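Visitor: Got a structure here, written out as C-alpha cells. Questions coming.
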Amino acid sequence: MNNKMMSDAKNTNDADRPVFYHSLNELDQDSSKVKSKFNVTKLNSTDLIEKNEHKLPEYSELPPSAYDAVPDRDNYRNLMSLTGEAKSRPTLLELQNYKRLSTTDTDSVQKGLDIADSSDFKTKENQKSLDVIKFGWVKGVLIRCVLNIFGVMIFLRVSWLVGQAGVGLVSVIILLATLVTVITTLSTSAICTNGEIRGGGAYYLISRSLGPEFGGAIGIVFSFANAVGCAMYTIGFAETLVALLRDYDLKIDSNPVNDVRLLGLITIIILFIVALIGMSWEAKVQIFLLGILVVAFINFVIGTFLPPTYEKLSKGFVGYSLNRLKENFLPDYRDGEDFAHLFGVFFPAVTGILAGANISGNLKNPQRAIPKGTLLSIVITSLVYLLFSFICGAAIARETTGNINHLENNTFLDCNQENITCKDGLLHNYQIMQMISLWAPIITAGIFSASLSSALASLVSAPKVFQAVCEDKIFPKIEYFAVGRGKDNEPFRGYVLTFFIASAFILIGDLNAIAPIISNFFLMSYALINYSCFDASLAKTPGWRPAFKYYNKWVSLFGALLCITVMFLIKWWAALISFIIIGGLHVYVKQSKPNINWGSSTQAHIFRRSLEYSLKLMSIEEHVKNFRPNFLVLTGPPTTRPALCDIVAAITKNRSLMICANIITDNMVKYNIDYLSWMRKRKYKSFYSELRSPSLRTGAFSLMQTVGIGKLKPNTLMIGFKNDWQVDKIENVIDYYELINDAFLLQFGICILRLDGGLDYSDLLDNFSNDKDLSSSDSESDRECALSNSDDANLKKKNIEFLISRQNKSNLDKALQKKPSYSYLSKFNEKTAELEKTEPISESLTSNKNSFLKSTEVIKLKNTKINKGILQGINIFHHKHQKGFVDVWWTYDDGGLSVLIPYLLLQKKYWQKCKLRIFIQTKNTSDNVSEEQRNLATLLSKFRIDFNDLIVFSTTNKKPQTSTVSIYEKMIQNWRLKPYENLDQYPWKISEEIYKQNLDKINQQLILKDLLMEYSQNSSFIFITISVPNRLQTCAGLYLSQLDLISYEMPPMMMIRGNQNSVLTYYS
C-alpha cells in the first residue's frame, strides 16, 4: 500500500516536474511535451510588454513559472557558441510569469548583441566543421616572435653597432629596446587576459580597448606596414642572394637592382603559395627556418673559438682578449653617427613582438600563449643579442687595414699610417661574422632564413589583421576582404591583396625612404597598446579585471611615451607623417560614427568624468550670469512632434540641457521605435526619458521633480498647445491646464509652442487605407506610393522615419512634379461628434509658408501620396530661414526668459538672418512714450541684446475690435455656465462671477490680439509673454481660451512665462 502511494506520488511529481531545455534544438525534438508544458511564442520583448502590461492574464491562462537559472558560462557570452544555439537565463518578464520568450529573442540579443549584426563574430554559411588549426604557445607565439626579432640585423649590423657605440653603449641600446618591448608585452598581456580575444592581433586589442577610432586607424596602417614589411624582408633576402651570385660572377642583368626585383618577385610568389597551402604548412616552414637559424648561431660561436688564420687576423679577428674588450667597450663614433641614430638603426630589429598576437585567432589559448610566448622570446633574443655584442667586442678589432703584409711588422691595426686606409674590422666590414664562422655558407643560410621567416610572418599577419578590420565594417566598401575560405577561414582575398602590395614595393627595389615610416607604424601600434592598458586602468571600470597582474598603469604610460620618443629618434619626419596618417584615419572614423559598441575605456572615461563634473557642479552656487534654460520637452513619441523637438534643439544645442519626455498612459500603445537613434539622425543634443503614468499630468508632475541629476535638471517646461481643447474630454483639458499650474508650482518656466497646423502628426499614421482603397488607385505608381494599411509597429516606425526624412522630401518634390497629389482633410463635426471626409484639397493650399491647416481640423492620410505642405509643416524648423522678423512681445516682466530664449535662437545659423523686434508693454497712457522707450532700449543694451526695432505699446484705455470679441465669444460659448446650469454639476465651466473678475485681463488679451494681427501677422516667429493663471479666479476654459485667442491663425508662436527669477543681468 505504501509502495503504491509512493509510486503514485512519484508519478504525480514526474508529471508536474518542469522540463528543462538547453536549446531550441532540444525543444523542437520534444514538441509534444513543450505544447503541454509551455506556451512557446516568438515575440520581441517590446511586443511582449505591449500585450501584457495593460492587465495581467487570468490565473488559469498563466504558463508555468520559469525557474531561475544556475550560474552558467554560456549565459555570459554575448555570442552564440560555436557549436550550438545560444543559451540565456530567463528574463524578468518570464520570471514574473508573463508569456515565455523564445530563446532567440532574449533582451541581450535585442540590445545589440544579435549574432547577425555582431562585429565580434560572423556566422559562416555552410560551416560544417569547426576543426580550425590551433597552435600552442611554442609554435604559435614563441617561434614566430623569435624568428621575427632575429632578422638580418644580427648578422649584418650588430658588429657595426659595436664598432660605433662600443660594447657598453650597444648593451644600453639593446636593454633600452628590450625595456620598450617588455613594457609593451606586459600591457599586451594585461589586455589580452581581460577577456577572450579573437583574430586581429594588435588591431583587436586596441579597438576593443580604445574604440573603433584608434583601432580602425591602427588596423589599416598595421596591415599596410606588414605588407610593406614583407616586401622589405624579401628585398633583403634578394640583395644578399644577388651579392652572393656576383661573388661567383653570376648575374641575370647588368643592373643589380633588376636582379633584386626579379629574385624578389620569385621569392614572394613562393611565399604566397606556402601561405595559401595553409597555416599548418606555414608553421612547419617556420620551424625549418628556425632550425637553420640556430645552426647558423652555433656555427658562428664555434668559429670564434678557433685560432684565426692570417687572412682572418688581417681583417680584424684577433681572438678573445680582455684588452680588446676594454678597447671596444667605449664608443668611437665615425661619419657623424650618434647614440640616437644608432638606436634608431637597431630598434626595428625588435619590432616583431606581435608576430604571435597577430594570429590570435589561431591560438588555442591566446590569454596564456601571448604573454608566455612573447616574454620568453624577448628574453631569449635579448640575451643572444647581448652575447653576440660581447663576442664581437672581445674578439674583433674595431678597424684594420685588411692587408696580410702588415702582419709582419704588426701594423695592420694602425690606421694612422700615411697612404693607408682601413677597410676591415667592426666599423667597415658588414660580412665579418661570415668570415669568423666555422663555415661561411651556413651564415649565409642563416641570413636567408632570417629574411624569409620575417617575410613569411608579415605575409601571414597582414591579411589576418586586415580581415578583422573588414569584418568590423569600420571603413566602407572593404567587406569584400572579410570573406574567408575553408575550415580555417583563411583570408584568401587578403593574401592576394597583400601579395600585390608587396610585389609593387619589390618592384621599387629600394625601400630606404619608406622603411622609417613602416617602423614608425609598428611603434605607433606599440604606443597605443601601452596607452590602452594605461587608459583602461585609469578609467577604473569594474570590467577591467585582467588575469595578468604584473603590470602598472604608470609603467604602461611610460612605455607609450618611450615608443613615441623612439619614433622621433628614428626619423622625426617619418614620425610626423605617421601621426598625420593615423590622425587622419582616426578623424574619419570618428566623423563617420560607425554603429559599433565594444565597451571601450573611452566610454568608461566619459562616464567617470561626467560623474566627477556632476558632483563638482553640486558644490557650485548658481549665478544669474550662468543661467541656462534647461528644457524638459513633453514630446510624447518624439517622431510624431518633430517641430517641437527642432525648435528646442536649436535653442539648446551645445548650450544647455534638453530632455525629450514620453509619458505613456494606460490607454496608449508603445511602439518599438529607437527614438534615440532618430534624434541622433536629426542631430539633436538631447536626452530621452520615458515614463509610464495613469495620466499626462501625473507623469509630467513626476518628471519635473525627478528627471535629471544634481544641478543638471530642467528648469523650463516645453509643451505643445492643446489645439483640441474645445472638443476633447473635459478631464483631459483640465489635466492640461493643471499641468501648467504644476509647472509654476515647481518653479519652472514654461513655453507653449503653437503651429497653426498643429504639432502632432501621429494621426497621419493611423487608420490607414485598406486593400480595397489601394486597389482603387488610379495607377500602379499611386498604389506603390500609397501607405498600405497595417497595424504593425515596425511599419509604423518606417512610416514615421519616411515622413521626417529630409531626403524623402526632395524625392517627393520630384514625384509631385510628374503628377499632382492630394491630401484629404477630415473636419470634426460638433453635432455628430465624428470625423467627416471633405473634398480633396490640393497641395497648393499649403504652398504659402504661413498657410497651415486650421487647428480645428484633424489631419488624416487617405490613399494618397504625402501632401507637400504636411512635410513642410513637419520640417518647418529644420531648414534655414533666409529673412524675416522674429517678434518678441514682452508683455510681463517674467525675469527676462521671454527675451533670452529668442536671443539664443537667433544665434543659430538657421535663424541668423532674421531681424529681432521687441514689443514691450507699458502702463504709460500718454501718447509720448519716447522717454520710456529710451530707458527700455538702454536696459536691453545693458543686457547685450541686439535688436532691430523696439516698440513700446499700451493696452490701457483701448477697446478691442468687434470681430475679435466675436471670435472670443464663440471660443468660450460652450464653456460659459448657462442660466439653467450650476457649478455643482459643471464645476469646470466659467461662472459669471469669474468672468467678471477676469474682464480686464480678457479685454487686455483682446487688444493684444489686435496688435498681433497688425504688427506680427507676417513674421517668421513670435515669442510672447503669457500671464500666470490665478487658481482662485481662473479656470481651465478661461485660461486656454486666452492662449487660443492670441495664437489663433498666427505664424509659429511660442508663449513663454519665466518663474519670476532674473535670468538676465547687466553686471559683469
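In the C-alpha cells, each chain is lettered A, B, ... as it comes, each chain's residues begin at 1, and ligands are numbered from 1 in order of appearance.
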Which polymer residues have any atom within 6 Å of an atom of stretch 554-557 of chain A, counting only C-alpha atoms, with same-chain residues fewer than 2 positions away left out, as a PyMOL selection string?
Guide: chain A and resi 530-531+534+552+559-560
Visitor: Would you save the residues of that selection, restricted to all heavy atoms, as a short mmCIF file (atom, residue, chain, number, x, y, z; two decimals), in the first residue's frame?
Guide:
```cif
data_model
loop_
_atom_site.label_atom_id
_atom_site.label_comp_id
_atom_site.auth_asym_id
_atom_site.auth_seq_id
_atom_site.Cartn_x
_atom_site.Cartn_y
_atom_site.Cartn_z
N ASN A 530 50.24 50.27 -25.18
CA ASN A 530 50.59 50.72 -23.84
C ASN A 530 49.58 51.72 -23.30
O ASN A 530 49.16 51.66 -22.13
CB ASN A 530 51.98 51.35 -23.85
CG ASN A 530 53.09 50.33 -23.90
OD1 ASN A 530 53.18 49.46 -23.05
ND2 ASN A 530 53.95 50.41 -24.90
N TYR A 531 49.17 52.62 -24.16
CA TYR A 531 48.20 53.63 -23.72
C TYR A 531 46.84 52.97 -23.43
O TYR A 531 46.12 53.41 -22.52
CB TYR A 531 48.04 54.71 -24.77
CG TYR A 531 47.08 55.80 -24.35
CD1 TYR A 531 47.46 56.75 -23.40
CD2 TYR A 531 45.79 55.85 -24.86
CE1 TYR A 531 46.57 57.73 -22.99
CE2 TYR A 531 44.90 56.82 -24.46
CZ TYR A 531 45.30 57.76 -23.52
OH TYR A 531 44.41 58.73 -23.12
N PHE A 534 47.06 51.66 -19.97
CA PHE A 534 47.00 52.78 -19.02
C PHE A 534 45.59 53.35 -18.93
O PHE A 534 45.07 53.61 -17.84
CB PHE A 534 48.00 53.86 -19.46
CG PHE A 534 47.78 55.19 -18.80
CD1 PHE A 534 48.18 55.40 -17.49
CD2 PHE A 534 47.17 56.23 -19.48
CE1 PHE A 534 47.98 56.63 -16.87
CE2 PHE A 534 46.97 57.46 -18.88
CZ PHE A 534 47.37 57.65 -17.56
N ASN A 552 51.66 47.79 -14.53
CA ASN A 552 51.36 49.00 -13.78
C ASN A 552 50.95 50.07 -14.77
O ASN A 552 51.58 50.23 -15.83
CB ASN A 552 52.59 49.45 -12.99
CG ASN A 552 52.32 50.71 -12.17
OD1 ASN A 552 52.44 51.82 -12.69
ND2 ASN A 552 51.97 50.54 -10.91
N GLY A 559 55.84 53.54 -21.10
CA GLY A 559 56.13 52.78 -22.32
C GLY A 559 55.57 53.45 -23.56
O GLY A 559 56.23 53.48 -24.61
N ALA A 560 54.38 54.02 -23.44
CA ALA A 560 53.78 54.73 -24.59
C ALA A 560 54.61 55.94 -24.97
O ALA A 560 54.89 56.19 -26.15
CB ALA A 560 52.35 55.14 -24.25
#
```
Visitor: Which polymer residues have any atom within 6 Å of an atom of stretch 329-346 of chain A, counting only C-alpha atoms, with same-chain residues fewer than 3 positions away left out, as a count of residues only?
Guide: 11
Visitor: Using only C-alpha atoms, determine which residues lie at most 9 Å from A:Gln1004, disregarding the query and same-chain residues fewer than 6 positions distant; provide the list as a list in words.
Guide: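 Listed by chain and then number, they are Thr955, Thr956, Lys958, Lys959 and Pro960 of chain A.
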Visitor: Name all residues at most 12 Å from A:Thr602 (count only C-alpha atoms; drop same-chain ones fewer than 3 positions away) and give them as an NGL selection string.
Guide: :A and (206-214 or 531-541 or 597-599 or 605-609)
Visitor: Can you work out which one of A:Val146, A:Thr1034, A:Phe548, A:Gly425 has the shortest atom-to-atom distance to A:Thr401, counting only C-alpha atoms?
Guide: A:Gly425
Visitor: Would you kindly return, as a PyMOL selection string, each protein, DNA or RNA residue with an atom no farther than 8 Å from any atom of A:Ile197, considering only C-alpha atoms and excluding same-chain residues fewer than 2 positions away?
Guide: chain A and resi 192+195+199+204-205+360-361+366-367
Visitor: Output the selection as a CSV table (one decimal), in the first residue's frame - N, CA, C and O atoms for each residue.
Guide:
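File out.csv, as written:
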```csv
chain,number,residue,atom,x,y,z
A,192,CYS,N,45.0,41.3,-23.1
A,192,CYS,CA,44.5,40.0,-23.7
A,192,CYS,C,44.1,39.0,-22.7
A,192,CYS,O,43.4,38.0,-23.0
A,195,GLY,N,39.6,39.1,-20.8
A,195,GLY,CA,38.5,38.5,-21.6
A,195,GLY,C,39.1,37.8,-22.8
A,195,GLY,O,40.2,37.9,-23.1
A,199,GLY,N,40.6,36.9,-33.5
A,199,GLY,CA,41.6,37.3,-34.5
A,199,GLY,C,41.8,38.8,-34.7
A,199,GLY,O,40.8,39.5,-34.5
A,204,TYR,N,42.8,44.1,-32.8
A,204,TYR,CA,41.8,43.7,-31.9
A,204,TYR,C,42.0,44.3,-30.5
A,204,TYR,O,41.0,44.7,-29.9
A,205,LEU,N,43.2,44.2,-30.0
A,205,LEU,CA,43.5,44.7,-28.7
A,205,LEU,C,43.2,46.2,-28.5
A,205,LEU,O,42.6,46.6,-27.6
A,360,SER,N,46.2,35.7,-33.3
A,360,SER,CA,45.5,35.3,-32.1
A,360,SER,C,44.3,34.4,-32.4
A,360,SER,O,43.9,33.6,-31.5
A,361,GLY,N,43.7,34.5,-33.6
A,361,GLY,CA,42.6,33.7,-33.9
A,361,GLY,C,42.9,32.2,-34.1
A,361,GLY,O,42.1,31.4,-34.1
A,366,PRO,N,44.8,32.1,-26.3
A,366,PRO,CA,45.6,33.3,-26.5
A,366,PRO,C,46.0,34.0,-25.2
A,366,PRO,O,47.0,34.6,-25.1
A,367,GLN,N,45.1,33.9,-24.2
A,367,GLN,CA,45.3,34.6,-22.9
A,367,GLN,C,46.6,34.0,-22.2
A,367,GLN,O,47.3,34.8,-21.5
```
Visitor: Would you give me, as a PyMOL selection string, the residues in stretch 180-401 of chain A that DSSP reads as alpha helix (DSSP H)?
Guide: chain A and resi 180-192+202-210+212-247+256-277+279-305+310-314+322-327+339-346+366-395
Visitor: Wanna dump the stretch 446-499 of chain A-stretch 282-285 of chain A contacts at 12 Å for me, each residue with its shortest atom pair and the distance in Å to one decimal, counting only C-alpha atoms, ordered by chain and number, as a Markdown table?
Guide:
```
| residue | atom | partner | partner_atom | distance |
| --- | --- | --- | --- | --- |
| A:Ser449 | CA | A:Val285 | CA | 10.1 |
| A:Leu452 | CA | A:Val285 | CA | 9.8 |
| A:Ser453 | CA | A:Val285 | CA | 8.2 |
| A:Ser454 | CA | A:Val285 | CA | 11.7 |
| A:Ala455 | CA | A:Glu282 | CA | 11.7 |
| A:Leu456 | CA | A:Glu282 | CA | 8.0 |
| A:Ala457 | CA | A:Glu282 | CA | 8.8 |
| A:Ser458 | CA | A:Glu282 | CA | 11.9 |
| A:Leu459 | CA | A:Glu282 | CA | 10.5 |
| A:Val460 | CA | A:Glu282 | CA | 8.7 |
| A:Ser461 | CA | A:Glu282 | CA | 11.8 |
```
Visitor: Just the residues within 9 Å of A:Leu1040, please, counting only C-alpha atoms, with nothing from its chain fewer than 6 positions along; format it as an MDAnalysis selection string.
Guide: chainID A and resid 722 725 733 737
Visitor: Could you pull the residues within 12 Å of A:Phe568, counting only C-alpha atoms, minus those fewer than 5 positions along the same chain, as a list in words?
Guide: Ala340, His341, Phe343, Gly344, Pro516, Ile517, Ser519, Asn520, Leu523, Met524, Leu561, Leu562, Cys563, Trp573, Ala574, Ala575, Leu576, Ile577, Ser578 and Phe579 of chain A
Visitor: Just to be explicit: take each residue in the selection above, keep all heavy atoms, and write the result as a short mmCIF file (atom, residue, chain, number, x, y, z; two decimals), in the first residue's frame.
Guide:
```cif
data_model
loop_
_atom_site.label_atom_id
_atom_site.label_comp_id
_atom_site.auth_asym_id
_atom_site.auth_seq_id
_atom_site.Cartn_x
_atom_site.Cartn_y
_atom_site.Cartn_z
N ALA A 340 71.46 58.44 -30.79
CA ALA A 340 70.07 58.43 -31.24
C ALA A 340 69.93 57.70 -32.56
O ALA A 340 69.03 56.88 -32.75
CB ALA A 340 69.55 59.86 -31.37
N HIS A 341 70.85 57.98 -33.50
CA HIS A 341 70.75 57.32 -34.80
C HIS A 341 71.03 55.83 -34.69
O HIS A 341 70.36 55.01 -35.34
CB HIS A 341 71.71 57.97 -35.79
CG HIS A 341 71.62 57.38 -37.17
ND1 HIS A 341 72.52 56.45 -37.65
CD2 HIS A 341 70.71 57.57 -38.17
CE1 HIS A 341 72.18 56.11 -38.87
NE2 HIS A 341 71.09 56.78 -39.22
N PHE A 343 70.50 53.93 -32.13
CA PHE A 343 69.32 53.31 -31.53
C PHE A 343 68.22 53.13 -32.57
O PHE A 343 67.53 52.10 -32.61
CB PHE A 343 68.82 54.15 -30.35
CG PHE A 343 67.65 53.54 -29.63
CD1 PHE A 343 67.84 52.52 -28.71
CD2 PHE A 343 66.36 53.96 -29.88
CE1 PHE A 343 66.76 51.95 -28.05
CE2 PHE A 343 65.27 53.40 -29.24
CZ PHE A 343 65.48 52.39 -28.31
N GLY A 344 68.07 54.15 -33.43
CA GLY A 344 67.07 54.05 -34.49
C GLY A 344 67.39 52.96 -35.49
O GLY A 344 66.48 52.35 -36.08
N PRO A 516 61.69 53.88 -42.62
CA PRO A 516 61.43 54.53 -41.33
C PRO A 516 59.94 54.72 -41.03
O PRO A 516 59.52 54.62 -39.88
CB PRO A 516 62.14 55.88 -41.47
CG PRO A 516 63.16 55.67 -42.54
CD PRO A 516 62.54 54.71 -43.48
N ILE A 517 59.15 54.97 -42.07
CA ILE A 517 57.70 55.15 -41.85
C ILE A 517 57.08 53.84 -41.39
O ILE A 517 56.23 53.82 -40.48
CB ILE A 517 57.03 55.66 -43.14
CG1 ILE A 517 57.62 57.01 -43.56
CG2 ILE A 517 55.52 55.77 -42.95
CD1 ILE A 517 57.06 57.54 -44.85
N SER A 519 58.58 51.41 -39.78
CA SER A 519 59.00 51.20 -38.38
C SER A 519 58.16 52.05 -37.44
O SER A 519 57.78 51.60 -36.35
CB SER A 519 60.49 51.53 -38.23
OG SER A 519 61.28 50.67 -39.01
N ASN A 520 57.84 53.26 -37.86
CA ASN A 520 57.03 54.14 -37.01
C ASN A 520 55.59 53.65 -36.90
O ASN A 520 54.93 53.87 -35.88
CB ASN A 520 57.07 55.56 -37.56
CG ASN A 520 58.29 56.32 -37.11
OD1 ASN A 520 58.65 56.29 -35.94
ND2 ASN A 520 58.98 56.96 -38.04
N LEU A 523 55.76 51.16 -34.21
CA LEU A 523 55.94 51.83 -32.92
C LEU A 523 54.67 52.52 -32.45
O LEU A 523 54.36 52.54 -31.26
CB LEU A 523 57.09 52.85 -33.02
CG LEU A 523 58.49 52.25 -32.89
CD1 LEU A 523 59.54 53.27 -33.31
CD2 LEU A 523 58.76 51.80 -31.46
N MET A 524 53.92 53.08 -33.39
CA MET A 524 52.66 53.70 -33.01
C MET A 524 51.69 52.66 -32.48
O MET A 524 50.95 52.92 -31.52
CB MET A 524 52.05 54.42 -34.22
CG MET A 524 50.72 55.10 -33.93
SD MET A 524 50.84 56.39 -32.66
CE MET A 524 51.52 57.72 -33.63
N LEU A 561 55.02 56.72 -23.96
CA LEU A 561 55.86 57.90 -24.22
C LEU A 561 57.22 57.49 -24.79
O LEU A 561 57.78 58.18 -25.65
CB LEU A 561 56.04 58.71 -22.94
CG LEU A 561 54.75 59.30 -22.34
CD1 LEU A 561 55.05 59.98 -21.02
CD2 LEU A 561 54.11 60.29 -23.31
N LEU A 562 57.74 56.37 -24.30
CA LEU A 562 59.03 55.87 -24.78
C LEU A 562 58.93 55.49 -26.26
O LEU A 562 59.85 55.78 -27.04
CB LEU A 562 59.46 54.68 -23.94
CG LEU A 562 60.97 54.36 -23.90
CD1 LEU A 562 61.76 55.55 -23.41
CD2 LEU A 562 61.21 53.16 -22.99
N CYS A 563 57.83 54.85 -26.64
CA CYS A 563 57.65 54.48 -28.04
C CYS A 563 57.59 55.72 -28.93
O CYS A 563 58.17 55.75 -30.03
CB CYS A 563 56.37 53.67 -28.20
SG CYS A 563 56.45 51.99 -27.52
N TRP A 573 60.86 63.18 -39.30
CA TRP A 573 59.87 63.43 -40.36
C TRP A 573 58.98 62.22 -40.58
O TRP A 573 57.79 62.36 -40.90
CB TRP A 573 60.58 63.81 -41.66
CG TRP A 573 61.58 62.82 -42.15
CD1 TRP A 573 62.92 62.79 -41.92
CD2 TRP A 573 61.30 61.67 -42.98
NE1 TRP A 573 63.51 61.71 -42.53
CE2 TRP A 573 62.54 61.02 -43.20
CE3 TRP A 573 60.14 61.14 -43.54
CZ2 TRP A 573 62.63 59.86 -43.97
CZ3 TRP A 573 60.23 59.98 -44.30
CH2 TRP A 573 61.48 59.36 -44.51
N ALA A 574 59.53 61.03 -40.40
CA ALA A 574 58.71 59.82 -40.53
C ALA A 574 57.68 59.74 -39.40
O ALA A 574 56.54 59.29 -39.60
CB ALA A 574 59.60 58.58 -40.52
N ALA A 575 58.10 60.19 -38.20
CA ALA A 575 57.16 60.21 -37.07
C ALA A 575 56.00 61.17 -37.34
O ALA A 575 54.83 60.84 -37.06
CB ALA A 575 57.90 60.61 -35.79
N LEU A 576 56.31 62.34 -37.91
CA LEU A 576 55.25 63.30 -38.23
C LEU A 576 54.29 62.75 -39.28
O LEU A 576 53.07 62.90 -39.16
CB LEU A 576 55.87 64.62 -38.71
CG LEU A 576 56.62 65.44 -37.67
CD1 LEU A 576 57.20 66.70 -38.30
CD2 LEU A 576 55.70 65.82 -36.51
N ILE A 577 54.84 62.10 -40.31
CA ILE A 577 53.99 61.50 -41.33
C ILE A 577 53.09 60.43 -40.73
O ILE A 577 51.90 60.33 -41.05
CB ILE A 577 54.86 60.92 -42.48
CG1 ILE A 577 55.56 62.05 -43.23
CG2 ILE A 577 54.01 60.09 -43.43
CD1 ILE A 577 56.53 61.57 -44.29
N SER A 578 53.65 59.63 -39.83
CA SER A 578 52.86 58.58 -39.18
C SER A 578 51.72 59.18 -38.37
O SER A 578 50.58 58.69 -38.43
CB SER A 578 53.76 57.73 -38.27
OG SER A 578 54.81 57.14 -39.00
N PHE A 579 52.01 60.24 -37.63
CA PHE A 579 50.97 60.90 -36.84
C PHE A 579 49.88 61.47 -37.74
O PHE A 579 48.69 61.39 -37.42
CB PHE A 579 51.58 62.01 -35.98
CG PHE A 579 52.09 61.53 -34.65
CD1 PHE A 579 53.44 61.35 -34.44
CD2 PHE A 579 51.22 61.26 -33.61
CE1 PHE A 579 53.92 60.91 -33.22
CE2 PHE A 579 51.68 60.82 -32.38
CZ PHE A 579 53.04 60.64 -32.19
#
```
Visitor: Quote the spacing between atom CA of A:Phe947 and atom CA of A:Asp646 in Å to one decimal place.
Guide: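 The value is 23.7 Å.
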Visitor: Nearest to A:Leu186 among A:Pro371, A:Val899, A:Asn1018, A:Leu313, with distances taken over only C-alpha atoms: which residue is it?
Guide: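 Ranking A:Pro371, A:Val899, A:Asn1018, A:Leu313 by distance to A:Leu186, first place goes to A:Pro371.
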